[in-house]
>>> print(open('target-v6.cif').read())   # mmCIF, C-alpha atoms
data_protein
#
loop_
_atom_site.group_PDB
_atom_site.id
_atom_site.type_symbol
_atom_site.label_atom_id
_atom_site.label_comp_id
_atom_site.auth_asym_id
_atom_site.auth_seq_id
_atom_site.Cartn_x
_atom_site.Cartn_y
_atom_site.Cartn_z
ATOM 1 C CA MET A 134 34.262 42.597 -19.080
ATOM 2 C CA SER A 135 37.379 42.553 -16.879
ATOM 3 C CA GLU A 136 38.181 39.203 -15.329
ATOM 4 C CA VAL A 137 37.523 38.429 -11.693
ATOM 5 C CA LYS A 138 40.251 36.388 -10.012
ATOM 6 C CA VAL A 139 39.011 32.821 -9.598
ATOM 7 C CA LYS A 140 40.909 29.706 -8.649
ATOM 8 C CA ASN A 141 39.965 26.117 -9.548
ATOM 9 C CA THR A 142 36.349 27.194 -9.993
ATOM 10 C CA ALA A 143 33.779 25.859 -12.449
ATOM 11 C CA ALA A 144 30.306 27.234 -13.159
ATOM 12 C CA ILE A 145 27.020 25.351 -13.171
ATOM 13 C CA ILE A 146 24.015 26.848 -14.968
ATOM 14 C CA LEU A 147 20.648 25.336 -14.033
ATOM 15 C CA ALA A 148 18.563 25.246 -17.219
ATOM 16 C CA ALA A 149 16.444 22.104 -16.976
ATOM 17 C CA GLY A 150 13.154 23.401 -15.556
ATOM 18 C CA LYS A 151 9.844 23.691 -17.376
ATOM 19 C CA GLY A 152 9.221 27.394 -16.762
ATOM 20 C CA LYS A 153 5.481 26.910 -17.266
ATOM 21 C CA ARG A 154 4.570 30.548 -16.621
ATOM 22 C CA MET A 155 6.609 31.685 -19.637
ATOM 23 C CA GLN A 156 4.208 29.707 -21.876
ATOM 24 C CA MET A 157 6.843 28.584 -24.398
ATOM 25 C CA ASP A 158 5.457 25.377 -25.868
ATOM 26 C CA ASN A 159 8.374 24.199 -27.995
ATOM 27 C CA ALA A 160 11.463 25.500 -26.227
ATOM 28 C CA ASN A 161 13.015 25.971 -22.789
ATOM 29 C CA LYS A 162 12.497 29.452 -21.351
ATOM 30 C CA VAL A 163 16.264 30.102 -21.123
ATOM 31 C CA THR A 164 16.222 30.357 -24.930
ATOM 32 C CA ALA A 165 13.835 33.343 -24.873
ATOM 33 C CA GLN A 166 15.363 36.396 -26.513
ATOM 34 C CA LEU A 167 16.673 39.350 -24.532
ATOM 35 C CA ALA A 168 18.430 42.108 -26.486
ATOM 36 C CA ASP A 169 18.588 39.889 -29.577
ATOM 37 C CA LYS A 170 20.156 36.819 -28.004
ATOM 38 C CA PRO A 171 18.972 33.963 -25.781
ATOM 39 C CA LEU A 172 18.887 34.545 -22.021
ATOM 40 C CA ILE A 173 21.348 31.741 -21.430
ATOM 41 C CA LEU A 174 23.920 33.246 -23.793
ATOM 42 C CA HIS A 175 23.993 36.387 -21.646
ATOM 43 C CA ILE A 176 24.891 34.149 -18.703
ATOM 44 C CA ILE A 177 27.585 32.318 -20.673
ATOM 45 C CA ASP A 178 29.136 35.682 -21.557
ATOM 46 C CA PHE A 179 28.979 36.779 -17.916
ATOM 47 C CA ILE A 180 30.732 33.580 -16.787
ATOM 48 C CA LYS A 181 33.437 33.918 -19.437
ATOM 49 C CA GLY A 182 33.955 37.477 -18.242
ATOM 50 C CA LEU A 183 34.678 36.155 -14.760
ATOM 51 C CA GLY A 184 37.552 34.108 -16.158
ATOM 52 C CA ILE A 185 35.894 30.743 -15.460
ATOM 53 C CA ASN A 186 36.931 28.200 -18.083
ATOM 54 C CA THR A 187 34.695 25.236 -17.226
ATOM 55 C CA THR A 188 30.922 25.619 -17.471
ATOM 56 C CA ILE A 189 28.365 22.849 -17.031
ATOM 57 C CA VAL A 190 24.823 23.446 -18.260
ATOM 58 C CA VAL A 191 22.160 21.217 -16.720
ATOM 59 C CA VAL A 192 19.499 20.494 -19.345
ATOM 60 C CA GLY A 193 16.182 18.645 -19.177
ATOM 61 C CA HIS A 194 12.932 20.175 -20.440
ATOM 62 C CA HIS A 195 13.256 20.818 -24.194
ATOM 63 C CA LYS A 196 16.974 20.137 -23.884
ATOM 64 C CA GLU A 197 17.506 20.323 -27.662
ATOM 65 C CA SER A 198 16.493 23.997 -27.703
ATOM 66 C CA VAL A 199 19.070 24.832 -25.022
ATOM 67 C CA MET A 200 21.821 22.839 -26.700
ATOM 68 C CA HIS A 201 21.029 24.469 -30.037
ATOM 69 C CA ALA A 202 21.174 27.943 -28.448
ATOM 70 C CA LEU A 203 24.645 27.076 -27.121
ATOM 71 C CA ASP A 204 25.930 25.599 -30.363
ATOM 72 C CA GLY A 205 29.599 26.520 -30.731
ATOM 73 C CA GLN A 206 30.042 27.383 -27.027
ATOM 74 C CA HIS A 207 32.622 25.419 -25.068
ATOM 75 C CA VAL A 208 30.349 23.996 -22.386
ATOM 76 C CA LEU A 209 29.656 20.593 -20.869
ATOM 77 C CA PHE A 210 26.075 19.323 -20.724
ATOM 78 C CA ALA A 211 24.531 17.252 -17.937
ATOM 79 C CA GLU A 212 21.034 15.888 -18.466
ATOM 80 C CA GLN A 213 18.588 15.863 -15.570
ATOM 81 C CA LYS A 214 16.312 13.078 -16.786
ATOM 82 C CA GLU A 215 13.751 13.552 -14.025
ATOM 83 C CA LEU A 216 13.036 17.148 -13.016
ATOM 84 C CA LEU A 217 13.540 16.661 -9.289
ATOM 85 C CA GLY A 218 14.509 20.210 -8.374
ATOM 86 C CA THR A 219 17.570 22.427 -8.157
ATOM 87 C CA GLY A 220 19.366 20.274 -5.590
ATOM 88 C CA ASP A 221 19.099 17.218 -7.824
ATOM 89 C CA ALA A 222 20.215 19.343 -10.803
ATOM 90 C CA VAL A 223 23.512 20.100 -9.058
ATOM 91 C CA VAL A 224 23.942 16.390 -8.269
ATOM 92 C CA THR A 225 23.557 15.789 -12.020
ATOM 93 C CA ALA A 226 26.162 18.448 -12.821
ATOM 94 C CA LEU A 227 28.735 17.031 -10.411
ATOM 95 C CA ARG A 228 28.706 13.755 -12.344
ATOM 96 C CA VAL A 229 30.458 15.488 -15.259
ATOM 97 C CA LEU A 230 32.604 17.879 -13.215
ATOM 98 C CA PRO A 231 36.271 17.529 -14.228
ATOM 99 C CA GLY A 232 38.863 16.691 -11.586
ATOM 100 C CA GLY A 233 40.844 19.434 -9.875
ATOM 101 C CA ILE A 234 37.845 21.722 -9.344
ATOM 102 C CA SER A 235 37.581 22.860 -5.710
ATOM 103 C CA ASP A 236 34.584 25.207 -5.939
ATOM 104 C CA VAL A 237 31.564 25.828 -8.158
ATOM 105 C CA LEU A 238 29.567 28.940 -8.979
ATOM 106 C CA VAL A 239 25.897 27.982 -9.344
ATOM 107 C CA VAL A 240 23.438 30.293 -11.115
ATOM 108 C CA TYR A 241 19.980 29.879 -12.607
ATOM 109 C CA GLY A 242 19.612 29.921 -16.371
ATOM 110 C CA ASP A 243 17.149 32.803 -16.370
ATOM 111 C CA ASP A 244 18.124 34.969 -13.404
ATOM 112 C CA ALA A 245 21.696 36.127 -14.040
ATOM 113 C CA VAL A 246 21.167 37.954 -17.315
ATOM 114 C CA LEU A 247 21.589 41.488 -16.021
ATOM 115 C CA TYR A 248 24.972 41.139 -14.304
ATOM 116 C CA SER A 249 27.335 43.569 -15.965
ATOM 117 C CA GLU A 250 30.720 45.320 -15.733
ATOM 118 C CA LYS A 251 29.564 47.544 -12.877
ATOM 119 C CA ASN A 252 28.747 44.473 -10.758
ATOM 120 C CA LEU A 253 32.322 43.173 -10.947
ATOM 121 C CA PRO A 254 33.474 44.644 -7.592
ATOM 122 C CA THR A 255 30.615 42.833 -5.835
ATOM 123 C CA LEU A 256 31.340 39.584 -7.659
ATOM 124 C CA GLN A 257 35.058 39.936 -6.898
ATOM 125 C CA GLN A 258 34.102 40.297 -3.241
ATOM 126 C CA LEU A 259 32.043 37.099 -3.502
ATOM 127 C CA PHE A 260 35.037 35.115 -4.758
ATOM 128 C CA THR A 261 37.544 36.789 -2.405
ATOM 129 C CA THR A 262 35.335 36.174 0.636
ATOM 130 C CA HIS A 263 34.807 32.539 -0.341
ATOM 131 C CA GLU A 264 38.537 31.960 -0.718
ATOM 132 C CA GLN A 265 39.649 33.824 2.400
ATOM 133 C CA ILE A 266 37.082 32.373 4.800
ATOM 134 C CA HIS A 267 37.145 28.886 3.205
ATOM 135 C CA ASP A 268 33.361 28.973 3.223
ATOM 136 C CA ALA A 269 31.172 25.980 2.571
ATOM 137 C CA ILE A 270 28.755 28.448 0.940
ATOM 138 C CA THR A 271 29.161 32.076 -0.070
ATOM 139 C CA LEU A 272 26.090 33.623 -1.631
ATOM 140 C CA LEU A 273 25.101 36.905 -3.156
ATOM 141 C CA THR A 274 22.197 38.761 -1.564
ATOM 142 C CA ILE A 275 20.446 41.848 -2.922
ATOM 143 C CA GLU A 276 17.770 44.307 -1.839
ATOM 144 C CA GLN A 277 14.389 44.443 -3.562
ATOM 145 C CA GLU A 278 11.753 47.048 -2.731
ATOM 146 C CA ASN A 279 9.079 44.537 -3.728
ATOM 147 C CA PRO A 280 10.374 41.110 -2.646
ATOM 148 C CA SER A 281 7.099 39.319 -3.425
ATOM 149 C CA ASP A 282 7.553 35.662 -4.485
ATOM 150 C CA LEU A 283 11.291 35.771 -3.716
ATOM 151 C CA GLY A 284 13.341 33.850 -1.146
ATOM 152 C CA ARG A 285 14.064 35.991 1.934
ATOM 153 C CA ILE A 286 17.455 36.020 3.638
ATOM 154 C CA VAL A 287 16.976 35.377 7.364
ATOM 155 C CA ARG A 288 19.800 36.454 9.676
ATOM 156 C CA ASP A 289 20.295 36.016 13.420
ATOM 157 C CA GLU A 290 20.933 38.863 15.871
ATOM 158 C CA SER A 291 24.656 38.878 15.030
ATOM 159 C CA GLY A 292 23.942 39.210 11.299
ATOM 160 C CA LYS A 293 24.781 35.624 10.340
ATOM 161 C CA ILE A 294 22.624 33.973 7.671
ATOM 162 C CA ILE A 295 20.570 31.192 9.179
ATOM 163 C CA ALA A 296 18.112 30.415 6.363
ATOM 164 C CA ILE A 297 16.614 31.287 3.001
ATOM 165 C CA VAL A 298 12.848 31.204 3.405
ATOM 166 C CA GLU A 299 10.604 30.992 0.356
ATOM 167 C CA GLU A 300 7.546 33.240 0.217
ATOM 168 C CA LYS A 301 5.075 30.384 0.630
ATOM 169 C CA ASP A 302 6.849 29.219 3.796
ATOM 170 C CA ALA A 303 7.543 32.674 5.274
ATOM 171 C CA THR A 304 5.886 34.136 8.351
ATOM 172 C CA ASP A 305 4.281 37.584 8.146
ATOM 173 C CA GLU A 306 7.401 39.013 9.796
ATOM 174 C CA GLU A 307 9.758 37.247 7.364
ATOM 175 C CA ARG A 308 7.764 38.553 4.409
ATOM 176 C CA LYS A 309 8.755 42.086 5.458
ATOM 177 C CA ILE A 310 12.430 41.262 4.780
ATOM 178 C CA THR A 311 13.705 42.999 1.640
ATOM 179 C CA GLU A 312 17.076 41.183 1.436
ATOM 180 C CA ILE A 313 16.549 38.363 -1.048
ATOM 181 C CA ASN A 314 18.309 35.450 -2.728
ATOM 182 C CA PRO A 315 18.997 36.134 -6.449
ATOM 183 C CA GLY A 316 20.389 32.633 -6.962
ATOM 184 C CA CYS A 317 24.144 33.211 -7.191
ATOM 185 C CA PHE A 318 26.074 30.770 -4.991
ATOM 186 C CA LEU A 319 29.665 29.657 -4.523
ATOM 187 C CA PHE A 320 29.934 26.172 -3.032
ATOM 188 C CA SER A 321 32.878 24.110 -1.895
ATOM 189 C CA VAL A 322 32.768 20.911 -3.954
ATOM 190 C CA GLU A 323 33.789 18.962 -0.864
ATOM 191 C CA PHE A 324 30.782 20.377 1.015
ATOM 192 C CA LEU A 325 28.430 19.501 -1.869
ATOM 193 C CA LYS A 326 29.640 15.910 -1.986
ATOM 194 C CA ILE A 327 28.910 15.497 1.721
ATOM 195 C CA TYR A 328 25.606 17.343 1.984
ATOM 196 C CA LEU A 329 23.770 16.969 -1.347
ATOM 197 C CA PRO A 330 22.934 13.330 -0.491
ATOM 198 C CA LYS A 331 21.379 14.621 2.755
ATOM 199 C CA LEU A 332 18.789 16.857 1.073
ATOM 200 C CA SER A 333 15.230 15.833 1.817
ATOM 201 C CA LYS A 334 12.439 15.791 -0.755
ATOM 202 C CA SER A 335 9.791 18.499 -0.454
ATOM 203 C CA LEU A 336 6.508 17.022 0.740
ATOM 204 C CA VAL A 337 4.685 19.595 -1.406
ATOM 205 C CA THR A 338 6.486 19.311 -4.765
ATOM 206 C CA GLY A 339 8.553 16.130 -4.492
ATOM 207 C CA GLU A 340 11.667 18.139 -5.408
ATOM 208 C CA TYR A 341 15.066 18.639 -3.773
ATOM 209 C CA TYR A 342 15.837 22.322 -3.195
ATOM 210 C CA LEU A 343 19.351 23.724 -3.399
ATOM 211 C CA THR A 344 18.532 26.340 -0.764
ATOM 212 C CA GLN A 345 18.056 23.581 1.830
ATOM 213 C CA LEU A 346 21.855 23.348 1.822
ATOM 214 C CA ILE A 347 21.860 26.593 3.837
ATOM 215 C CA ASP A 348 19.823 24.877 6.565
ATOM 216 C CA LEU A 349 22.136 21.855 6.531
ATOM 217 C CA ALA A 350 25.256 24.018 6.653
ATOM 218 C CA VAL A 351 23.967 26.071 9.591
ATOM 219 C CA ALA A 352 22.805 22.962 11.472
ATOM 220 C CA ASN A 353 26.226 21.347 11.067
ATOM 221 C CA GLY A 354 28.366 24.370 11.916
ATOM 222 C CA GLU A 355 29.581 24.920 8.347
ATOM 223 C CA SER A 356 30.552 28.438 7.292
ATOM 224 C CA VAL A 357 27.925 30.419 5.326
ATOM 225 C CA THR A 358 28.536 34.029 4.291
ATOM 226 C CA GLY A 359 26.290 36.440 2.418
ATOM 227 C CA VAL A 360 27.888 39.152 0.285
ATOM 228 C CA GLN A 361 25.458 42.059 0.060
ATOM 229 C CA GLY A 362 25.067 43.502 -3.417
ATOM 230 C CA GLY A 363 22.614 46.214 -2.401
ATOM 231 C CA LYS A 364 20.118 47.299 -5.060
ATOM 232 C CA MET A 365 21.793 45.537 -7.980
ATOM 233 C CA ASP A 366 20.103 45.412 -11.370
ATOM 234 C CA TRP A 367 18.439 42.017 -11.244
ATOM 235 C CA ARG A 368 15.266 40.472 -12.528
ATOM 236 C CA GLY A 369 14.035 36.945 -12.115
ATOM 237 C CA ILE A 370 12.356 36.004 -15.395
ATOM 238 C CA ASN A 371 9.380 33.685 -15.047
ATOM 239 C CA THR A 372 6.752 35.381 -17.228
ATOM 240 C CA LYS A 373 6.595 37.342 -20.460
ATOM 241 C CA GLU A 374 5.874 40.473 -18.434
ATOM 242 C CA GLU A 375 9.060 39.953 -16.406
ATOM 243 C CA LEU A 376 10.986 39.434 -19.651
ATOM 244 C CA GLU A 377 9.714 42.826 -20.851
ATOM 245 C CA THR A 378 10.856 44.394 -17.574
ATOM 246 C CA ALA A 379 14.267 42.748 -17.965
ATOM 247 C CA GLU A 380 14.526 44.105 -21.512
ATOM 248 C CA LYS A 381 13.932 47.652 -20.239
ATOM 249 C CA LEU A 382 16.482 47.209 -17.451
ATOM 250 C CA TYR A 383 19.005 45.797 -19.903
ATOM 251 C CA GLN A 384 18.642 48.751 -22.244
ATOM 252 C CA GLU A 385 19.117 51.126 -19.300
ATOM 253 C CA THR A 386 22.208 49.388 -17.920
ATOM 254 C CA HIS A 387 24.164 48.334 -21.018
#
>>> encode(input="target-v6.cif", output="structure tokens")
Amino acid sequence: MSEVKVKNTAAIILAAGKGKRMQMDNANKVTAQLADKPLILHIIDFIKGLGINTTIVVVGHHKESVMHALDGQHVLFAEQKELLGTGDAVVTALRVLPGGISDVLVVYGDDAVLYSEKNLPTLQQLFTTHEQIHDAITLLTIEQENPSDLGRIVRDESGKIIAIVEEKDATDEERKITEINPGCFLFSVEFLKIYLPKLSKSLVTGEYYLTQLIDLAVANGESVTGVQGGKMDWRGINTKEELETAEKLYQETH
């Protein structure tokens, strides 16, 4: 994989969640095998290919299985002792972030496994846009013909992103949106330090959601840009059936 130009950027992989629907009793779901290696190792390879040298993996549920899968990889681990959501996971990661890092790429430990060489122009655009605009948040968006269960990208009349709305919170009109959030974000570390403490706990789940940072950024006039990846090969992996679909996609694209 050719390197993407990145400056002072670290990566954070969120791999602490329980992943109940995958029904893996003795291991974290990011250790499930895809094309003969754990899901999370595909993501490590993708991050190395971007030329990012510092990677923090947030562990929690069955942390030993994740750490074992990454044995021999040059990564830092941050333990999320209470599983309080993706926002709290990034707070945990920042505690071990080395000095001199200005921006972080945040991806989920199960959702970035299909990024490949042909996606590099889009990913380069993500980094270039973030650097040129000095965004608080630059995020990848993609199109899905069946966006069921996925976070919808809501834009205003001028095309600016104003929210990511989860399926359960979406109106009937918002559910028709096919532009979705695949969970690939670039954040300014300075922005995270200011706004992560301002996240509010979900009344439904008791968790802090990373996507609420979009709402906070918009409300406070911070710059948020979405880089459109079109119909990229992507598959969120939450069930064994979705893992099988990802396996087929992987074989077709690699």
>>> residues_around(input="target-v6.cif", residues="Met157 of chain A", least_positions_apart="5", cutoff="12 Å", atoms="only C-alpha atoms", output="PyMOL selection string")
chain A and resi 151-152+162-166+194-195+198+371-373
>>> closest_residue(input="target-v6.cif", among="A:Glu299, A:Thr219, A:Thr358, A:Phe179", to="Leu259 of chain A", atoms="all atoms listed in the file")
A:Thr358
>>> resolve_selection(input="target-v6.cif", expression="the PyMOL selection byres ((chain A and resi 356) around 7)", output="list in words")
Asp268, Ala269, Ile270, Ala350, Gly354, Glu355, Val357 and Thr358 of chain A
>>> atom_distance(input="target-v6.cif", atom1="atom CA of Lys140 of chain A", atom2="atom CA of Arg228 of chain A")
20.4 Å
>>> residues_around(input="target-v6.cif", residues="Asp244 of chain A", least_positions_apart="6", cutoff="8 Å", atoms="all atoms listed in the file", output="list in words")
Pro315, Gly316, Trp367, Arg368, Gly369 and Ile370 of chain A
>>> closest_residue(input="target-v6.cif", among="A:Leu272, A:Val337, A:Ala148, A:Ala143", to="Leu216 of chain A", atoms="only C-alpha atoms")
A:Ala148
>>> resolve_selection(input="target-v6.cif", expression="the PyMOL selection byres ((chain A and resi 144) around 6)", output="JSON, numbers by chain")
{"A": [143, 145, 188, 237, 238, 239]}
>>> write_last_selection(input="target-v6.cif", atoms="C-alpha atoms", output="PDB file, in the coordinates of the input")
ATOM      1  CA  ALA A 143      33.779  25.859 -12.449  1.00  0.00           C
ATOM      2  CA  ILE A 145      27.020  25.351 -13.171  1.00  0.00           C
ATOM      3  CA  THR A 188      30.922  25.619 -17.471  1.00  0.00           C
ATOM      4  CA  VAL A 237      31.564  25.828  -8.158  1.00  0.00           C
ATOM      5  CA  LEU A 238      29.567  28.940  -8.979  1.00  0.00           C
ATOM      6  CA  VAL A 239      25.897  27.982  -9.344  1.00  0.00           C
TER       7      VAL A 239
END
>>> closest_residue(input="target-v6.cif", among="A:Leu273, A:Ala149, A:Val208, A:Ala379", to="Ile177 of chain A", atoms="all atoms listed in the file")
A:Val208
>>> atom_distance(input="target-v6.cif", atom1="atom CA of Glu307 of chain A", atom2="atom CA of Gly242 of chain A")
26.7 Å
>>> residues_around(input="target-v6.cif", residues="Ile146 of chain A", least_positions_apart="2", cutoff="6 Å", atoms="only C-alpha atoms", output="VMD selection string")
chain A and resid 190 240 to 242
>>> atom_distance(input="target-v6.cif", atom1="atom CA of Ile185 of chain A", atom2="atom CA of Thr142 of chain A")
6.5 Å
>>> residues_around(input="target-v6.cif", residues="Lys309 of chain A", least_positions_apart="4", cutoff="9 Å", atoms="only C-alpha atoms", output="PyMOL selection string")
chain A and resi 280+285+304-305
>>> write_last_selection(input="target-v6.cif", atoms="C-alpha atoms", output="PDB file, in the coordinates of the input")
ATOM      1  CA  PRO A 280      10.374  41.110  -2.646  1.00  0.00           C
ATOM      2  CA  ARG A 285      14.064  35.991   1.934  1.00  0.00           C
ATOM      3  CA  THR A 304       5.886  34.136   8.351  1.00  0.00           C
ATOM      4  CA  ASP A 305       4.281  37.584   8.146  1.00  0.00           C
TER       5      ASP A 305
END
>>> residues_around(input="target-v6.cif", residues="Glu197 of chain A", least_positions_apart="6", cutoff="10 Å", atoms="all atoms listed in the file", output="list in words")
Asn159, Ala160, Asn161 and Leu203 of chain A
>>> resolve_selection(input="target-v6.cif", expression="the PyMOL selection byres ((chain A and resi 290-298) around 10)", output="number ranges by chain")
A: 272, 283-289, 299-304, 307-308, 313-314, 344-352, 356-359
>>> write_last_selection(input="target-v6.cif", atoms="C-alpha atoms", output="PDB file, in the coordinates of the input")
ATOM      1  CA  LEU A 272      26.090  33.623  -1.631  1.00  0.00           C
ATOM      2  CA  LEU A 283      11.291  35.771  -3.716  1.00  0.00           C
ATOM      3  CA  GLY A 284      13.341  33.850  -1.146  1.00  0.00           C
ATOM      4  CA  ARG A 285      14.064  35.991   1.934  1.00  0.00           C
ATOM      5  CA  ILE A 286      17.455  36.020   3.638  1.00  0.00           C
ATOM      6  CA  VAL A 287      16.976  35.377   7.364  1.00  0.00           C
ATOM      7  CA  ARG A 288      19.800  36.454   9.676  1.00  0.00           C
ATOM      8  CA  ASP A 289      20.295  36.016  13.420  1.00  0.00           C
ATOM      9  CA  GLU A 299      10.604  30.992   0.356  1.00  0.00           C
ATOM     10  CA  GLU A 300       7.546  33.240   0.217  1.00  0.00           C
ATOM     11  CA  LYS A 301       5.075  30.384   0.630  1.00  0.00           C
ATOM     12  CA  ASP A 302       6.849  29.219   3.796  1.00  0.00           C
ATOM     13  CA  ALA A 303       7.543  32.674   5.274  1.00  0.00           C
ATOM     14  CA  THR A 304       5.886  34.136   8.351  1.00  0.00           C
ATOM     15  CA  GLU A 307       9.758  37.247   7.364  1.00  0.00           C
ATOM     16  CA  ARG A 308       7.764  38.553   4.409  1.00  0.00           C
ATOM     17  CA  ILE A 313      16.549  38.363  -1.048  1.00  0.00           C
ATOM     18  CA  ASN A 314      18.309  35.450  -2.728  1.00  0.00           C
ATOM     19  CA  THR A 344      18.532  26.340  -0.764  1.00  0.00           C
ATOM     20  CA  GLN A 345      18.056  23.581   1.830  1.00  0.00           C
ATOM     21  CA  LEU A 346      21.855  23.348   1.822  1.00  0.00           C
ATOM     22  CA  ILE A 347      21.860  26.593   3.837  1.00  0.00           C
ATOM     23  CA  ASP A 348      19.823  24.877   6.565  1.00  0.00           C
ATOM     24  CA  LEU A 349      22.136  21.855   6.531  1.00  0.00           C
ATOM     25  CA  ALA A 350      25.256  24.018   6.653  1.00  0.00           C
ATOM     26  CA  VAL A 351      23.967  26.071   9.591  1.00  0.00           C
ATOM     27  CA  ALA A 352      22.805  22.962  11.472  1.00  0.00           C
ATOM     28  CA  SER A 356      30.552  28.438   7.292  1.00  0.00           C
ATOM     29  CA  VAL A 357      27.925  30.419   5.326  1.00  0.00           C
ATOM     30  CA  THR A 358      28.536  34.029   4.291  1.00  0.00           C
ATOM     31  CA  GLY A 359      26.290  36.440   2.418  1.00  0.00           C
TER      32      GLY A 359
END
>>> closest_residue(input="target-v6.cif", among="A:Leu382, A:Leu217, A:Ala202, A:Ile275", to="Lys364 of chain A", atoms="all atoms listed in the file")
A:Ile275
>>> decode(input="target-v6.cif", residues="segment 221-249 of chain A", atoms="C-alpha atoms", output="short mmCIF file (atom, residue, chain, number, x, y, z; two decimals), in the first residue's frame")
data_model
loop_
_atom_site.label_atom_id
_atom_site.label_comp_id
_atom_site.auth_asym_id
_atom_site.auth_seq_id
_atom_site.Cartn_x
_atom_site.Cartn_y
_atom_site.Cartn_z
CA ASP A 221 -15.28 7.63 26.62
CA ALA A 222 -13.04 5.21 24.69
CA VAL A 223 -11.33 8.15 22.96
CA VAL A 224 -10.90 9.87 26.34
CA THR A 225 -9.13 6.69 27.48
CA ALA A 226 -6.88 6.72 24.40
CA LEU A 227 -5.84 10.34 24.86
CA ARG A 228 -4.39 9.47 28.27
CA VAL A 229 -1.60 7.51 26.55
CA LEU A 230 -1.23 9.75 23.49
CA PRO A 231 2.42 10.82 23.09
CA GLY A 232 3.27 14.51 22.96
CA GLY A 233 3.63 16.30 19.64
CA ILE A 234 0.55 14.72 18.07
CA SER A 235 -1.78 17.36 16.58
CA ASP A 236 -4.46 15.12 15.05
CA VAL A 237 -5.87 11.62 15.44
CA LEU A 238 -7.51 9.22 13.01
CA VAL A 239 -10.24 7.29 14.84
CA VAL A 240 -11.65 4.05 13.41
CA TYR A 241 -13.67 1.17 14.81
CA GLY A 242 -11.97 -2.16 15.32
CA ASP A 243 -14.40 -4.06 13.12
CA ASP A 244 -15.47 -1.59 10.44
CA ALA A 245 -12.31 -0.60 8.56
CA VAL A 246 -11.24 -4.02 7.33
CA LEU A 247 -12.05 -3.54 3.66
CA TYR A 248 -10.11 -0.33 2.99
CA SER A 249 -7.57 -1.09 0.30
#
